[in-house]
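Participant: Got a structure for you, data.csv, holding CSV, C-alpha atoms.
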chain,number,residue,atom,x,y,z
A,1,MET,CA,-26.6,40.1,67.0
A,2,GLU,CA,-29.8,41.5,65.8
A,3,ASN,CA,-30.7,38.4,63.7
A,4,GLN,CA,-30.6,36.1,66.6
A,5,MET,CA,-34.3,36.3,67.4
A,6,LEU,CA,-37.2,35.3,65.1
A,7,SER,CA,-39.8,38.1,65.2
A,8,ILE,CA,-43.4,37.4,64.1
A,9,GLY,CA,-45.8,40.3,64.7
A,10,PRO,CA,-45.5,41.2,68.4
A,11,HIS,CA,-43.8,37.9,69.3
A,12,THR,CA,-40.1,37.1,69.4
A,13,PHE,CA,-38.6,33.7,69.6
A,14,LYS,CA,-35.2,32.3,70.2
A,15,SER,CA,-35.9,29.1,68.4
A,16,ARG,CA,-36.5,29.0,64.6
A,17,LEU,CA,-38.1,25.6,64.8
A,18,LEU,CA,-41.8,25.6,64.9
A,19,LEU,CA,-43.2,22.2,65.7
A,20,GLY,CA,-46.5,20.5,64.8
A,21,THR,CA,-48.2,18.3,67.3
A,22,GLY,CA,-50.0,15.8,65.1
A,23,LYS,CA,-49.5,12.0,64.8
A,24,PHE,CA,-47.1,11.3,67.6
A,25,PRO,CA,-47.0,7.7,68.8
A,26,ASN,CA,-47.9,8.6,72.4
A,27,PHE,CA,-47.9,11.6,74.7
A,28,GLU,CA,-44.7,10.6,76.6
A,29,VAL,CA,-42.6,10.6,73.4
A,30,GLN,CA,-44.3,13.7,72.2
A,31,LYS,CA,-43.6,15.6,75.5
A,32,GLU,CA,-39.9,14.7,75.3
A,33,ALA,CA,-39.6,15.5,71.6
A,34,VAL,CA,-41.1,18.9,72.2
A,35,GLU,CA,-38.7,19.5,75.0
A,36,VAL,CA,-35.5,18.5,73.2
A,37,SER,CA,-36.6,20.4,70.1
A,38,GLU,CA,-36.4,23.6,72.2
A,39,THR,CA,-39.3,24.9,70.1
A,40,GLU,CA,-41.3,27.8,71.4
A,41,VAL,CA,-44.2,27.5,68.9
A,42,LEU,CA,-46.6,24.6,68.7
A,43,THR,CA,-49.3,24.2,66.2
A,44,PHE,CA,-52.7,22.6,67.0
A,45,ALA,CA,-55.9,21.8,65.2
A,46,VAL,CA,-59.3,22.8,66.3
A,47,ARG,CA,-61.7,19.8,66.7
A,48,ARG,CA,-64.9,18.7,68.4
A,49,MET,CA,-64.5,17.4,71.9
A,50,ASN,CA,-65.5,13.9,72.6
A,51,ILE,CA,-68.5,14.6,74.7
A,52,PHE,CA,-69.0,11.0,75.6
A,53,GLU,CA,-65.4,10.7,76.9
A,54,PRO,CA,-64.6,14.0,78.5
A,55,HIS,CA,-61.7,12.7,80.5
A,56,GLN,CA,-59.7,11.6,77.5
A,57,PRO,CA,-56.1,12.9,77.9
A,58,ASN,CA,-55.3,16.0,75.8
A,59,PHE,CA,-51.8,17.0,74.9
A,60,LEU,CA,-52.4,20.7,75.4
A,61,GLU,CA,-53.3,20.0,79.0
A,62,MET,CA,-49.8,18.4,79.6
A,63,LEU,CA,-48.0,21.5,78.6
A,64,ASP,CA,-46.7,24.4,80.6
A,65,LEU,CA,-48.4,27.1,78.5
A,66,GLU,CA,-46.1,29.7,79.8
A,67,LYS,CA,-43.3,28.2,77.8
A,68,TYR,CA,-45.1,28.0,74.4
A,69,THR,CA,-46.9,30.2,72.0
A,70,LEU,CA,-49.8,28.3,70.4
A,71,LEU,CA,-50.3,28.5,66.7
A,72,PRO,CA,-53.6,26.9,65.9
A,73,ASN,CA,-54.3,26.0,62.3
A,74,THR,CA,-57.5,26.2,60.2
A,75,ALA,CA,-56.9,22.6,58.9
A,76,GLY,CA,-60.3,21.2,57.8
A,77,ALA,CA,-61.4,24.4,56.2
A,78,ALA,CA,-62.0,24.3,52.4
A,79,THR,CA,-63.2,27.8,52.2
A,80,ALA,CA,-62.3,31.2,53.6
A,81,GLU,CA,-65.5,31.2,55.5
A,82,GLU,CA,-64.7,27.9,57.2
A,83,ALA,CA,-61.1,29.0,58.0
A,84,VAL,CA,-62.4,32.2,59.6
A,85,ARG,CA,-64.9,30.3,61.7
A,86,ILE,CA,-62.1,28.0,62.9
A,87,ALA,CA,-59.8,30.9,63.6
A,88,ARG,CA,-62.4,32.7,65.7
A,89,LEU,CA,-63.0,29.6,67.7
A,90,ALA,CA,-59.3,29.2,68.4
A,91,LYS,CA,-59.0,32.8,69.4
A,92,ALA,CA,-62.0,32.5,71.7
A,93,SER,CA,-60.1,30.1,73.9
A,94,GLY,CA,-58.2,33.2,75.1
A,95,LEU,CA,-54.9,31.2,74.7
A,96,CYS,CA,-53.6,32.6,71.4
A,97,ASP,CA,-53.8,35.4,68.8
A,98,MET,CA,-51.7,33.7,66.1
A,99,ILE,CA,-53.4,31.7,63.4
A,100,LYS,CA,-52.0,29.4,60.7
A,101,VAL,CA,-54.3,29.9,57.8
A,102,GLU,CA,-54.5,26.6,56.1
A,103,VAL,CA,-57.2,26.3,53.4
A,104,ILE,CA,-56.7,23.1,51.5
A,105,GLY,CA,-58.1,22.9,47.9
A,106,ASP,CA,-57.3,19.3,47.0
A,107,ALA,CA,-57.5,16.1,49.1
A,108,LYS,CA,-54.7,14.2,47.3
A,109,THR,CA,-52.0,16.9,47.3
A,110,LEU,CA,-53.3,18.8,50.3
A,111,LEU,CA,-52.2,21.9,48.4
A,112,PRO,CA,-53.6,25.2,49.7
A,113,ASP,CA,-56.2,27.1,47.7
A,114,PRO,CA,-54.6,30.5,47.1
A,115,LEU,CA,-57.8,32.5,46.5
A,116,GLU,CA,-59.5,31.2,49.6
A,117,THR,CA,-56.3,31.8,51.6
A,118,VAL,CA,-56.1,35.4,50.5
A,119,LYS,CA,-59.8,35.9,51.4
A,120,ALA,CA,-59.4,34.4,54.8
A,121,CYS,CA,-56.3,36.5,55.5
A,122,GLU,CA,-58.1,39.7,54.6
A,123,ILE,CA,-60.8,39.0,57.1
A,124,LEU,CA,-58.6,37.8,59.9
A,125,LEU,CA,-56.2,40.7,59.6
A,126,GLU,CA,-59.3,43.0,60.0
A,127,GLU,CA,-60.0,41.1,63.2
A,128,ASP,CA,-56.5,41.6,64.6
A,129,PHE,CA,-55.2,38.1,64.3
A,130,ILE,CA,-51.5,37.5,63.9
A,131,VAL,CA,-51.8,35.8,60.5
A,132,LEU,CA,-49.4,33.2,59.1
A,133,PRO,CA,-50.7,31.8,55.8
A,134,TYR,CA,-49.6,28.4,54.5
A,135,ILE,CA,-49.1,28.7,50.8
A,136,SER,CA,-47.5,27.0,47.8
A,137,ASP,CA,-44.1,28.3,46.8
A,138,ASP,CA,-45.8,31.0,44.6
A,139,VAL,CA,-43.7,34.1,44.7
A,140,LEU,CA,-46.4,36.5,43.6
A,141,LEU,CA,-48.9,35.1,46.1
A,142,ALA,CA,-46.4,35.7,48.9
A,143,LYS,CA,-46.0,39.2,47.7
A,144,ARG,CA,-49.7,39.9,47.6
A,145,LEU,CA,-50.2,38.4,51.1
A,146,GLN,CA,-47.4,40.6,52.4
A,147,GLN,CA,-49.1,43.6,50.8
A,148,LEU,CA,-52.2,42.7,52.7
A,149,GLY,CA,-50.3,42.8,55.9
A,150,VAL,CA,-49.8,39.1,57.0
A,151,HIS,CA,-47.2,38.7,59.7
A,152,ALA,CA,-45.2,35.9,58.0
A,153,VAL,CA,-45.5,33.7,54.9
A,154,MET,CA,-45.2,29.9,55.1
A,155,PRO,CA,-44.4,28.4,51.7
A,156,GLY,CA,-44.4,24.6,51.5
A,157,ALA,CA,-41.2,22.7,50.7
A,158,SER,CA,-43.3,19.8,49.2
A,159,PRO,CA,-46.7,18.3,50.0
A,160,ILE,CA,-47.7,18.0,53.7
A,161,GLY,CA,-46.3,14.8,55.3
A,162,SER,CA,-44.6,13.8,52.1
A,163,GLY,CA,-41.0,14.1,53.4
A,164,GLN,CA,-39.8,15.1,50.0
A,165,GLY,CA,-37.8,18.0,51.2
A,166,ILE,CA,-37.4,21.2,49.2
A,167,ILE,CA,-38.4,20.4,45.6
A,168,ASN,CA,-38.3,24.0,44.4
A,169,PRO,CA,-35.4,25.9,45.9
A,170,LEU,CA,-35.5,28.5,43.2
A,171,ASN,CA,-39.0,29.7,44.1
A,172,LEU,CA,-38.2,29.6,47.8
A,173,SER,CA,-35.2,31.7,47.2
A,174,PHE,CA,-37.2,34.2,45.2
A,175,ILE,CA,-39.8,34.4,48.0
A,176,ILE,CA,-37.0,34.9,50.6
A,177,GLU,CA,-35.3,37.5,48.4
A,178,GLN,CA,-38.4,39.7,48.2
A,179,ALA,CA,-39.7,39.0,51.6
A,180,SER,CA,-40.8,41.9,53.9
A,181,VAL,CA,-42.0,39.5,56.6
A,182,PRO,CA,-40.5,36.3,58.0
A,183,VAL,CA,-40.5,33.3,55.7
A,184,ILE,CA,-41.2,30.0,57.5
A,185,VAL,CA,-40.8,26.9,55.3
A,186,ASP,CA,-43.7,24.7,56.2
A,187,ALA,CA,-44.6,21.2,54.9
A,188,GLY,CA,-42.8,18.4,53.3
A,189,ILE,CA,-39.6,18.5,55.4
A,190,GLY,CA,-38.2,14.9,55.7
A,191,SER,CA,-34.7,15.0,57.0
A,192,PRO,CA,-32.5,17.3,59.1
A,193,SER,CA,-30.6,18.3,55.9
A,194,ASP,CA,-33.9,19.5,54.4
A,195,ALA,CA,-34.4,21.7,57.4
A,196,ALA,CA,-30.8,22.9,57.2
A,197,TYR,CA,-31.1,23.6,53.5
A,198,ALA,CA,-34.2,25.8,54.1
A,199,MET,CA,-32.2,27.8,56.6
A,200,GLU,CA,-29.2,28.0,54.3
A,201,LEU,CA,-31.5,29.4,51.6
A,202,GLY,CA,-32.2,32.2,54.0
A,203,ALA,CA,-35.6,31.2,55.5
A,204,ASP,CA,-36.3,32.7,58.9
A,205,GLY,CA,-37.7,29.4,60.3
A,206,VAL,CA,-39.0,26.0,59.6
A,207,LEU,CA,-42.3,24.4,60.6
A,208,LEU,CA,-42.3,20.6,60.6
A,209,ASN,CA,-44.5,17.9,62.1
A,210,THR,CA,-44.4,14.5,60.3
A,211,ALA,CA,-40.6,14.6,59.9
A,212,VAL,CA,-40.4,14.3,63.7
A,213,SER,CA,-43.6,12.6,64.8
A,214,GLY,CA,-43.3,9.9,62.1
A,215,ALA,CA,-39.6,9.3,62.5
A,216,LYS,CA,-38.5,5.9,64.0
A,217,LEU,CA,-37.2,7.8,67.0
A,218,PRO,CA,-39.0,11.1,67.3
A,219,ILE,CA,-37.1,12.3,70.3
A,220,GLN,CA,-33.7,11.9,68.5
A,221,MET,CA,-35.1,13.4,65.3
A,222,ALA,CA,-36.4,16.4,67.3
A,223,GLN,CA,-32.9,17.0,68.5
A,224,ALA,CA,-31.5,16.5,65.0
A,225,MET,CA,-33.9,19.1,63.6
A,226,LYS,CA,-33.1,21.6,66.3
A,227,LEU,CA,-29.3,21.2,65.5
A,228,ALA,CA,-29.9,21.3,61.7
A,229,ILE,CA,-31.9,24.5,61.9
A,230,GLU,CA,-29.2,26.1,64.1
A,231,ALA,CA,-26.5,24.9,61.8
A,232,GLY,CA,-28.3,26.1,58.7
A,233,ARG,CA,-29.0,29.5,60.1
A,234,LEU,CA,-25.4,29.9,61.3
A,235,GLY,CA,-24.1,28.8,57.9
A,236,PHE,CA,-26.4,31.3,56.2
A,237,GLU,CA,-25.2,34.1,58.4
A,238,ALA,CA,-21.6,33.0,58.0
A,239,GLY,CA,-21.8,33.5,54.2
A,240,ARG,CA,-20.9,30.4,52.2
A,241,ILE,CA,-18.4,30.3,49.4
A,242,PRO,CA,-19.8,30.4,45.8
A,243,ALA,CA,-19.9,27.1,43.9
A,244,LYS,CA,-17.3,27.1,41.1
A,245,LYS,CA,-16.9,24.9,38.1
A,246,TYR,CA,-13.2,24.3,38.4
A,247,ALA,CA,-10.9,23.6,41.3
A,248,THR,CA,-8.9,26.1,43.4
A,249,SER,CA,-6.1,24.5,45.4
A,250,SER,CA,-6.4,24.9,49.2
A,251,SER,CA,-2.7,24.3,49.7
A,252,PRO,CA,-0.1,27.0,48.6
A,253,MET,CA,2.0,26.7,45.4
A,254,ASP,CA,5.1,28.2,47.1
A,255,GLY,CA,7.8,26.0,48.7
A,256,MET,CA,6.7,22.7,47.2
A,257,ILE,CA,9.4,20.0,47.6
A,258,THR,CA,8.4,18.3,44.4
A,259,ILE,CA,9.7,19.9,41.1
B,260,MET,CA,-84.8,19.9,76.0
B,261,LYS,CA,-83.3,18.6,72.8
B,262,LEU,CA,-79.9,19.9,71.8
B,263,LEU,CA,-77.7,19.0,68.8
B,264,VAL,CA,-74.2,18.8,70.3
B,265,ASN,CA,-71.2,18.1,68.1
B,266,GLY,CA,-73.6,16.5,65.6
B,267,GLN,CA,-75.3,14.3,68.1
B,268,SER,CA,-78.9,14.7,69.3
B,269,ILE,CA,-78.9,15.0,73.1
B,270,GLU,CA,-81.8,15.1,75.5
B,271,ILE,CA,-81.3,17.1,78.7
B,272,ALA,CA,-83.9,16.7,81.5
B,273,GLN,CA,-84.1,20.3,82.8
B,274,PRO,CA,-86.3,22.8,80.9
B,275,GLN,CA,-83.9,25.7,81.5
B,276,VAL,CA,-80.3,25.1,80.6
B,277,THR,CA,-77.5,27.5,80.4
B,278,VAL,CA,-74.2,26.9,78.7
B,279,GLN,CA,-72.6,26.4,82.1
B,280,ASN,CA,-75.3,23.7,83.0
B,281,MET,CA,-74.6,22.0,79.7
B,282,LEU,CA,-70.8,21.9,80.3
B,283,GLU,CA,-71.3,20.5,83.8
B,284,HIS,CA,-73.7,17.9,82.3
B,285,PHE,CA,-70.8,16.7,80.1
B,286,SER,CA,-68.2,17.1,82.8
B,287,LEU,CA,-66.4,19.7,80.7
B,288,SER,CA,-66.6,22.8,83.0
B,289,ASN,CA,-62.9,22.5,83.9
B,290,LYS,CA,-61.6,21.8,80.4
B,291,ILE,CA,-60.2,24.1,77.8
B,292,VAL,CA,-63.3,24.3,75.5
B,293,VAL,CA,-64.8,26.8,73.2
B,294,VAL,CA,-68.6,26.9,72.8
B,295,GLU,CA,-70.4,27.8,69.6
B,296,VAL,CA,-74.3,28.0,69.7
B,297,ASP,CA,-76.1,28.3,66.4
B,298,GLU,CA,-72.8,29.4,64.8
B,299,GLN,CA,-72.2,32.2,67.3
B,300,ILE,CA,-69.3,31.8,69.8
B,301,VAL,CA,-70.4,32.3,73.4
B,302,ASP,CA,-67.9,34.2,75.4
B,303,LYS,CA,-66.6,32.4,78.5
B,304,THR,CA,-67.9,35.2,80.8
B,305,GLN,CA,-71.4,34.5,79.6
B,306,TYR,CA,-71.6,30.8,80.2
B,307,SER,CA,-73.8,31.1,83.3
B,308,GLN,CA,-76.1,33.6,81.7
B,309,PHE,CA,-76.5,32.2,78.2
B,310,ARG,CA,-79.7,30.2,78.1
B,311,LEU,CA,-80.0,27.5,75.5
B,312,GLN,CA,-83.1,27.1,73.3
B,313,ASP,CA,-84.7,23.8,72.4
B,314,GLY,CA,-83.1,22.5,69.2
B,315,ALA,CA,-80.0,24.7,69.6
B,316,LYS,CA,-77.0,23.5,67.4
B,317,ILE,CA,-74.0,23.4,69.6
B,318,GLU,CA,-70.3,22.9,68.8
B,319,LEU,CA,-67.9,22.2,71.7
B,320,VAL,CA,-64.4,22.4,70.4
B,321,HIS,CA,-60.9,22.2,71.7
B,322,PHE,CA,-57.3,21.9,70.6
B,323,VAL,CA,-55.8,18.6,69.4
B,324,GLY,CA,-52.5,17.6,67.9
B,325,GLY,CA,-52.1,18.9,64.3
B,326,GLY,CA,-49.5,20.3,62.0
Here is a file; write its structure as structure tokens.

Facilitator:
Amino acid sequence: MENQMLSIGPHTFKSRLLLGTGKFPNFEVQKEAVEVSETEVLTFAVRRMNIFEPHQPNFLEMLDLEKYTLLPNTAGAATAEEAVRIARLAKASGLCDMIKVEVIGDAKTLLPDPLETVKACEILLEEDFIVLPYISDDVLLAKRLQQLGVHAVMPGASPIGSGQGIINPLNLSFIIEQASVPVIVDAGIGSPSDAAYAMELGADGVLLNTAVSGAKLPIQMAQAMKLAIEAGRLGFEAGRIPAKKYATSSSPMDGMITI
Amino acid sequence: MKLLVNGQSIEIAQPQVTVQNMLEHFSLSNKIVVVEVDEQIVDKTQYSQFRLQDGAKIELVHFVGGG
């Protein structure tokens, strides 16, 4: 019973699916996808307003903010200083205290810079943010960040938006094994089975965006992801059988009618 | 008064401009927006008091879709 909720810092969530809000085809589809996903956490980026078109529709304004916890990201930051600046801007909205620390070190791979990430986390923890760093699947980096006091770690399954799924289940399982905070697999999820796999490995949650927003039918995919994450978590808690080399019959040997 | 807003040079006719005046000028006073002036965030409660200086570098940011 106690494992039914996902706890991150002071927040608890029923859903283990965290959803990104980027690159949806339109707001109507996005709204419905968010709803069927049953997510309770939505990520956002912090960007300049269009001062020449102030009445452009904005997705955040279409949401019932009572239903969701906002998780702004520091996407765009290449240094700890930039990430901290973005985080402070996000917090100043008064709408959120959680921050996804995303400090990208390379434009092609969009892989996070571990040193700048650590620096940013140190500063933001001092300023009482609820800190969720996006990292590569580096086990020791996860450990160091936990020691700093981050509220969750978010290792990537594969590069952002690549849909490759989990390319290094071994490292992910090591991170999960030693975790003292929730592990949210974030980035690279492509299919529902990827999301289920993450949960079967023991992850506490999955954050995905392109897997849903870029799908042919985002609303259906949102539902599929919700079910996959529930199934994966249930399967993990149910305790799977070990994989064996040779067969073990499922039917009894006694009473066979054949000689 | 000349202001640099979101990277654009803007001319505002009045000589005395508060952050609140500026937001109203851009029809943003009812929006979810965060204001940074010369790299310092201005608290919402100070919008009507905070006077902008000529040449101030302003960032008006909000939340958009992102992963």

Participant: Using only C-alpha atoms, which residues sit within 12 Å of region 240-242 of chain A once same-chain residues fewer than 6 positions away are excluded, as a list of chain:residue names?

Facilitator: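 Non-adjacent residues within range: A:Glu200, A:Leu201, A:Gly202, A:Gly232, A:Arg233, A:Leu234, A:Thr248.
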
Participant: Which residues come within 10 Å of Leu125 (chain A), counting all atoms listed in the file, excluding same-chain residues fewer than 4 positions away, as JSON, numbers by chain?

Facilitator: {"A": [120, 121, 129, 130, 131, 148, 149, 150, 151]}

Participant: Using only C-alpha atoms, find each residue of chain A with at least one atom at most 9 Å away from an atom of chain B; report its shortest atom-to-atom pair and that distance in Å (one decimal), sort the rows by chain and rising residue number, and return the result as JSON lines.

Facilitator:
{"residue": "A:Leu19", "atom": "CA", "partner": "B:Gly326", "partner_atom": "CA", "distance": 7.5}
{"residue": "A:Gly20", "atom": "CA", "partner": "B:Gly326", "partner_atom": "CA", "distance": 4.1}
{"residue": "A:Thr21", "atom": "CA", "partner": "B:Gly324", "partner_atom": "CA", "distance": 4.4}
{"residue": "A:Gly22", "atom": "CA", "partner": "B:Gly325", "partner_atom": "CA", "distance": 3.8}
{"residue": "A:Lys23", "atom": "CA", "partner": "B:Gly324", "partner_atom": "CA", "distance": 7.1}
{"residue": "A:Phe24", "atom": "CA", "partner": "B:Gly324", "partner_atom": "CA", "distance": 8.3}
{"residue": "A:Leu42", "atom": "CA", "partner": "B:Gly326", "partner_atom": "CA", "distance": 8.5}
{"residue": "A:Thr43", "atom": "CA", "partner": "B:Gly326", "partner_atom": "CA", "distance": 5.7}
{"residue": "A:Phe44", "atom": "CA", "partner": "B:Gly325", "partner_atom": "CA", "distance": 4.6}
{"residue": "A:Ala45", "atom": "CA", "partner": "B:Gly325", "partner_atom": "CA", "distance": 4.9}
{"residue": "A:Val46", "atom": "CA", "partner": "B:Phe322", "partner_atom": "CA", "distance": 4.8}
{"residue": "A:Arg47", "atom": "CA", "partner": "B:Val320", "partner_atom": "CA", "distance": 5.3}
{"residue": "A:Arg48", "atom": "CA", "partner": "B:Val320", "partner_atom": "CA", "distance": 4.2}
{"residue": "A:Met49", "atom": "CA", "partner": "B:Val320", "partner_atom": "CA", "distance": 5.2}
{"residue": "A:Asn50", "atom": "CA", "partner": "B:Asn265", "partner_atom": "CA", "distance": 8.4}
{"residue": "A:Ile51", "atom": "CA", "partner": "B:Phe285", "partner_atom": "CA", "distance": 6.2}
{"residue": "A:Phe52", "atom": "CA", "partner": "B:Phe285", "partner_atom": "CA", "distance": 7.5}
{"residue": "A:Glu53", "atom": "CA", "partner": "B:Phe285", "partner_atom": "CA", "distance": 8.7}
{"residue": "A:Pro54", "atom": "CA", "partner": "B:Leu287", "partner_atom": "CA", "distance": 6.4}
{"residue": "A:His55", "atom": "CA", "partner": "B:Ser286", "partner_atom": "CA", "distance": 8.2}
{"residue": "A:Asn58", "atom": "CA", "partner": "B:Val323", "partner_atom": "CA", "distance": 6.9}
{"residue": "A:Phe59", "atom": "CA", "partner": "B:Val323", "partner_atom": "CA", "distance": 7.0}
{"residue": "A:Leu60", "atom": "CA", "partner": "B:Phe322", "partner_atom": "CA", "distance": 7.0}
{"residue": "A:Glu61", "atom": "CA", "partner": "B:Ile291", "partner_atom": "CA", "distance": 8.1}
{"residue": "A:Pro72", "atom": "CA", "partner": "B:Phe322", "partner_atom": "CA", "distance": 7.8}
{"residue": "A:Asn73", "atom": "CA", "partner": "B:Gly326", "partner_atom": "CA", "distance": 7.5}
{"residue": "A:Ala75", "atom": "CA", "partner": "B:Gly325", "partner_atom": "CA", "distance": 8.1}
{"residue": "A:Arg85", "atom": "CA", "partner": "B:Glu298", "partner_atom": "CA", "distance": 8.5}
{"residue": "A:Arg88", "atom": "CA", "partner": "B:Ile300", "partner_atom": "CA", "distance": 8.1}
{"residue": "A:Leu89", "atom": "CA", "partner": "B:Val293", "partner_atom": "CA", "distance": 6.4}
{"residue": "A:Ala90", "atom": "CA", "partner": "B:Val293", "partner_atom": "CA", "distance": 7.7}
{"residue": "A:Ala92", "atom": "CA", "partner": "B:Val293", "partner_atom": "CA", "distance": 6.5}
{"residue": "A:Ser93", "atom": "CA", "partner": "B:Val293", "partner_atom": "CA", "distance": 5.8}
{"residue": "A:Ile160", "atom": "CA", "partner": "B:Gly326", "partner_atom": "CA", "distance": 8.8}
{"residue": "A:Ala187", "atom": "CA", "partner": "B:Gly326", "partner_atom": "CA", "distance": 8.7}
{"residue": "A:Leu207", "atom": "CA", "partner": "B:Gly326", "partner_atom": "CA", "distance": 8.4}
{"residue": "A:Leu208", "atom": "CA", "partner": "B:Gly326", "partner_atom": "CA", "distance": 7.3}
{"residue": "A:Asn209", "atom": "CA", "partner": "B:Gly326", "partner_atom": "CA", "distance": 5.5}
{"residue": "A:Thr210", "atom": "CA", "partner": "B:Gly326", "partner_atom": "CA", "distance": 7.9}

Participant: Record the distance separating CA of Leu71 (chain A) and CA of Pro155 (chain A), expressed in Å with one decimal.

Facilitator: 16.1 Å

Participant: What is the distance, in Å and to one decimal place, between CA of Ile123 (chain A) and CA of Lys100 (chain A)?

Facilitator: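 According to the coordinates, CA of Ile123 (chain A) and CA of Lys100 (chain A) are separated by 13.5 Å.
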
Participant: For a quick check of understanding, using all atoms listed in the file, which of A:Ala142, A:Ala222, A:Val118, A:Val212 has the smallest distance to Gly188 (chain A)?

Facilitator: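 Among A:Ala142, A:Ala222, A:Val118, A:Val212, it is A:Val212 that comes nearest to Gly188 (chain A).
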
Participant: Write out as a PyMOL selection string each polymer residue whose atoms come within 9 Å of Pro218 (chain A), counting only C-alpha atoms; drop sequence neighbours fewer than 3 positions from it.

Facilitator: chain A and resi 24-25+29-30+32-33+211-215+221-223

Participant: Counting all atoms listed in the file, what is within 7 Å of Leu311 (chain B), bar same-chain residues fewer than 5 positions away, as a ChimeraX atom specification?

Facilitator: /B:276-278

Participant: For Pro192 (chain A), find every residue with an atom within 7 Å (counting all atoms listed in the file), except residues of its own chain fewer than 5 positions away, and show them as a PyMOL selection string.

Facilitator: chain A and resi 224-225+228

Participant: Could you tell me, as an mmCIF file with C-alpha atoms, in the frame of the given file, which residues have any atom at most 10 Å from (-82.7, 28.4, 73.8), counting only C-alpha atoms?

Facilitator:
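New file out.cif:
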data_model
loop_
_atom_site.group_PDB
_atom_site.id
_atom_site.type_symbol
_atom_site.label_atom_id
_atom_site.label_comp_id
_atom_site.auth_asym_id
_atom_site.auth_seq_id
_atom_site.Cartn_x
_atom_site.Cartn_y
_atom_site.Cartn_z
ATOM 1 C CA MET B 260 -84.800 19.900 76.000
ATOM 2 C CA LYS B 261 -83.300 18.600 72.800
ATOM 3 C CA LEU B 262 -79.900 19.900 71.800
ATOM 4 C CA PRO B 274 -86.300 22.800 80.900
ATOM 5 C CA GLN B 275 -83.900 25.700 81.500
ATOM 6 C CA VAL B 276 -80.300 25.100 80.600
ATOM 7 C CA THR B 277 -77.500 27.500 80.400
ATOM 8 C CA VAL B 278 -74.200 26.900 78.700
ATOM 9 C CA VAL B 296 -74.300 28.000 69.700
ATOM 10 C CA ASP B 297 -76.100 28.300 66.400
ATOM 11 C CA PHE B 309 -76.500 32.200 78.200
ATOM 12 C CA ARG B 310 -79.700 30.200 78.100
ATOM 13 C CA LEU B 311 -80.000 27.500 75.500
ATOM 14 C CA GLN B 312 -83.100 27.100 73.300
ATOM 15 C CA ASP B 313 -84.700 23.800 72.400
ATOM 16 C CA GLY B 314 -83.100 22.500 69.200
ATOM 17 C CA ALA B 315 -80.000 24.700 69.600
ATOM 18 C CA LYS B 316 -77.000 23.500 67.400
#

Participant: Let me make sure I understand: among A:Asp138, A:Glu122, A:Glu116, A:Asp204, which one has the smallest atom-to-atom distance to Ile175 (chain A) if we use only C-alpha atoms?

Facilitator: A:Asp138

Participant: Quote the spacing between CA of Glu102 (chain A) and CA of Val206 (chain A) in Å to one decimal place.

Facilitator: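 Separation between CA of Glu102 (chain A) and CA of Val206 (chain A): 15.9 Å.
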
Participant: Which is closest to Ser162 (chain A) among A:Ala179, A:Ala196, A:Ala77, A:Leu111, if we use all atoms listed in the file?

Facilitator: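 Answer, going by the shortest atom-to-atom distance: A:Leu111.
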
Participant: May I ask which of the residues A:Thr258, A:Thr79, A:Thr74, A:Asn168 is the closest one to Met98 (chain A), counting only C-alpha atoms?

Facilitator: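 Answer, going by the shortest atom-to-atom distance: A:Thr74.
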